[in-house]
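Let me begin by presenting the structure, written as structure tokens, before commenting on it.
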Amino acid sequence: MSLTLRTISREQHLAYIQSLPAASHCQVPAWADVKSEWRSENLGWFDAHGQLVGAGLVLYRQLPKVKRYLAYLPEGPVINWYAPNLDDWLQPMLAHLKRQGAFSVKMGPPVVIRRWDAGAIKSGIQDPDVKRLRDVEATHIEPRAFEVSDRLRKMGWQQAEDGGAGFGDVQPRYVFQVPLANRSLDEVLKGFNQLWRRNIKKAEKAGVEVVQGGYHDLEEWQRLYEITAVRDRFRPRPLSYFQRMWTVLNNEDPNRMRLYFARHNGVNLSAATMLVVGGHVWYSYGASDNIGREVRPSNAMQWRMLRDAYAMGATVYDLRGISDSLDETDHLFGLIQFKVGTGGEAVEYIGEWDFPLNKLLHKALDIYMSRR
């Protein structure tokens with residue numbers, strides 16, 4: 001199969017994404033506007049008949065003081081990863097990016113390698129000898145994903161170091177998903193653990209109300225998000241980031257980004273942003289106040305978001321990143337514990353991969369990033 005690669009328009013790129021059952025929100029054309037500090041390009045792969053058969057959003061980040069770039073395809077490109085001729089897809093891309101001045105390429109193939117259902121994770125948590133998800137036998141293994149990894153290594157791609165916890169990658173390697181395809185909402189709710197179901201009931205009884213917000217509510221979102229940042233000790237993104245995200249994503253597709261609030265007696269206690277691409281729905285950012293936790297606003301909000309995703313015809317509700325630590329003393333353990341209560345599954349992708357086009361500059365970037 002002969003493939004040609006060239007720059008495409010945003011319209012062509014968007015039409016291609018819309019023709020698919022789903023794709024990562026990091027690969028829609030408008031994501032380039034969210035990441036406005038990067039230069040961007042839309043790439044298209046064409047078959048012998050001139051048909052568009054793959055697309056990729058590339059973000060270019062300039063190296064300080066040099067006119068050379070890191071080319072990054074977050075959770076992409078969107079191509080046939082299981083094609084026997086993977087070289088024919090990736091070699092033209094590398095050649096093109098090199099011509100564009102890239103010294104290194106980073107990509108995140110959207111290829112799942114393992115899945116663990118809630119039962120497997122719970123038994124792992126209960127076993128004192130198990131410290132990591134990878135020590136637990138996976139419920140499902142995708143043999144073709146191992147072939148993809150082998151092919152990439154043979155081509156000279158290097159697996160990005162993930163520091164062991166899966167959070168070193170720029171995009172999470174481990175995520176938590178609730179599958180919705182071919183399940184009734186009742187079945188989904190039955191999959192929740194007792195504590196989650198109890199908390200959803202508790203919120204209902206207390207009169208917690210979950211509402212959708214709009215652009216004008218982003219300031220209230222920011223208030224809750226900054227409270228969360230202080231409590232969980234992370235650096236919050238500015239309000240302007242969420243305003244830009246809302247504007248550019250919803251200009252591209254009016255249903256791309258949503259905002260939810262859980263409130264009690266008229267006071268907003270928790271909030272979340274949701275992203276939608278085809279049948280894939282993500283819970284993207286979450287925030288909550290230090291008060292009102294006893295009425296379980298977060299559980300109520302997640303259940304509403306999941307129901308809305310289901311009503312949209314989503315096949316998966318994605319709770320995004322988790323670490324692979326099952327150690328109760330780990331500061332990220334609470335995250336997996338909260339998410340596993342939804343009865344979904346932990347999913348491992350094959351991670352991010354680097355191709356140094358200029359080894360010296362690639363090394364310099366590594367040093368620069370490690371000092372930041």
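Every chain in the structure tokens has a letter given in the order shown (A, B, ...), and although residue numbers restart at 1 in each chain, ligands are simply numbered from 1 in the order shown.
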Selection near region 91-95 of chain A, 8 Å with only C-alpha atoms, sequence-local residues under 2 positions removed, as a ChimeraX atom specification: /A:4-5,87-89,97-99,105
Find the spatial neighbours of Ile79 (chain A), counting only C-alpha atoms, within a cut-off of 9 Å - ignore same-chain residues fewer than 3 positions away - and output them as a PyMOL selection string. chain A and resi 45+53-56+76+82-83+89+109
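Across A:Gln51, A:Ser24, A:Gln158, A:Thr139, the tightest approach to Gln12 (chain A) is made by A:Gln51 when counting only C-alpha atoms.
Here CA of Arg244 (chain A) is placed at a distance of 7.8 Å from CA of Asp33 (chain A).
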Could you make a table, as a tab-separated table, of the residues of region 148-204 of chain A that have an atom within 7 Å of an atom of region 310-319 of chain A, each with its nearest atom pair and distance in Å to one decimal, counting only C-alpha atoms, in chain and number order?
residue	atom	partner	partner_atom	distance
A:Val175	CA	A:Leu319	CA	6.8
A:Phe176	CA	A:Leu319	CA	5.3
A:Gln177	CA	A:Asp318	CA	4.4
A:Val178	CA	A:Tyr317	CA	5.1
A:Pro179	CA	A:Val316	CA	4.6
A:Leu180	CA	A:Thr315	CA	4.8
A:Ala181	CA	A:Thr315	CA	4.5
Go ahead and dump the residues you just picked, N, CA, C and O atoms, as a compact mmCIF listing (two decimals), in the first residue's frame.
# COMPACT_ATOMS: atom_id res chain seq x y z
N VAL A 175 -4.92 4.86 32.52
CA VAL A 175 -6.15 5.63 32.71
C VAL A 175 -7.21 4.70 33.27
O VAL A 175 -7.03 3.48 33.30
N PHE A 176 -8.31 5.30 33.71
CA PHE A 176 -9.41 4.49 34.24
C PHE A 176 -10.66 4.75 33.42
O PHE A 176 -11.04 5.91 33.23
N GLN A 177 -11.29 3.71 32.91
CA GLN A 177 -12.44 3.87 32.02
C GLN A 177 -13.63 3.02 32.46
O GLN A 177 -13.44 1.91 32.97
N VAL A 178 -14.82 3.57 32.26
CA VAL A 178 -16.04 2.80 32.49
C VAL A 178 -16.63 2.48 31.11
O VAL A 178 -17.06 3.39 30.39
N PRO A 179 -16.62 1.20 30.70
CA PRO A 179 -17.18 0.86 29.39
C PRO A 179 -18.71 0.98 29.43
O PRO A 179 -19.35 0.57 30.39
N LEU A 180 -19.29 1.59 28.39
CA LEU A 180 -20.74 1.81 28.35
C LEU A 180 -21.42 1.03 27.22
O LEU A 180 -22.63 0.84 27.25
N ALA A 181 -20.64 0.60 26.24
CA ALA A 181 -21.23 -0.08 25.08
C ALA A 181 -21.90 -1.39 25.50
O ALA A 181 -21.38 -2.12 26.35
Quick one: residues within 9 Å of region 334-345 of chain A, only C-alpha atoms, excluding same-chain residues fewer than 3 positions away - as JSON, numbers by chain? {"A": [115, 116, 117, 118, 119, 121, 122, 175, 176, 177, 178, 179, 188, 189, 190, 191, 192, 193, 194, 195, 196, 319, 321, 322, 323, 324, 325, 326, 328, 330, 331]}
Extract the full set of helix (DSSP H, G or I) residues from region 144-272 of chain A according to DSSP on the backbone, and format it as a PyMOL selection string. chain A and resi 144-155+185-191+194-206+215-232+239-252
Residue neighbourhood region 220-234 of chain A, 7 Å, only C-alpha atoms, exclusion window fewer than 4 positions, as number ranges by chain: A: 239, 270-271, 287-289
Write the selection just made, keeping all heavy atoms, as a compact mmCIF listing (two decimals), in the first residue's frame?
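Final output, result.txt:
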# COMPACT_ATOMS: atom_id res chain seq x y z
N LEU A 239 -7.25 31.06 34.82
CA LEU A 239 -8.61 31.13 34.30
C LEU A 239 -8.61 31.28 32.78
O LEU A 239 -9.42 30.66 32.07
CB LEU A 239 -9.36 32.31 34.95
CG LEU A 239 -10.75 32.66 34.39
CD1 LEU A 239 -11.72 31.49 34.59
CD2 LEU A 239 -11.29 33.92 35.04
N SER A 270 -18.68 21.20 44.20
CA SER A 270 -17.67 20.60 43.34
C SER A 270 -18.00 20.91 41.89
O SER A 270 -19.13 21.27 41.57
CB SER A 270 -17.53 19.10 43.58
OG SER A 270 -18.74 18.45 43.36
N ALA A 271 -16.98 20.77 41.04
CA ALA A 271 -17.15 21.11 39.62
C ALA A 271 -16.25 20.22 38.78
O ALA A 271 -15.26 19.67 39.28
CB ALA A 271 -16.79 22.58 39.39
N ALA A 287 -12.70 19.68 40.51
CA ALA A 287 -12.41 20.63 41.59
C ALA A 287 -13.45 20.48 42.68
O ALA A 287 -14.59 20.10 42.40
CB ALA A 287 -12.44 22.05 41.04
N SER A 288 -13.07 20.75 43.92
CA SER A 288 -14.06 20.69 44.99
C SER A 288 -13.66 21.60 46.15
O SER A 288 -12.48 21.87 46.37
CB SER A 288 -14.23 19.26 45.50
OG SER A 288 -13.00 18.78 46.02
N ASP A 289 -14.66 22.05 46.87
CA ASP A 289 -14.44 22.91 48.03
C ASP A 289 -14.02 22.04 49.22
O ASP A 289 -14.14 20.82 49.18
CB ASP A 289 -15.74 23.67 48.36
CG ASP A 289 -15.46 24.97 49.09
OD1 ASP A 289 -14.44 25.05 49.80
OD2 ASP A 289 -16.27 25.91 48.94
Interatomic distance, CA of Gln302 (chain A) to CA of Tyr283 (chain A) (Å, one decimal): 8.4 Å
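Taking CA of Val34 (chain A) and CA of Val211 (chain A) as endpoints, the distance between them is 24.8 Å.
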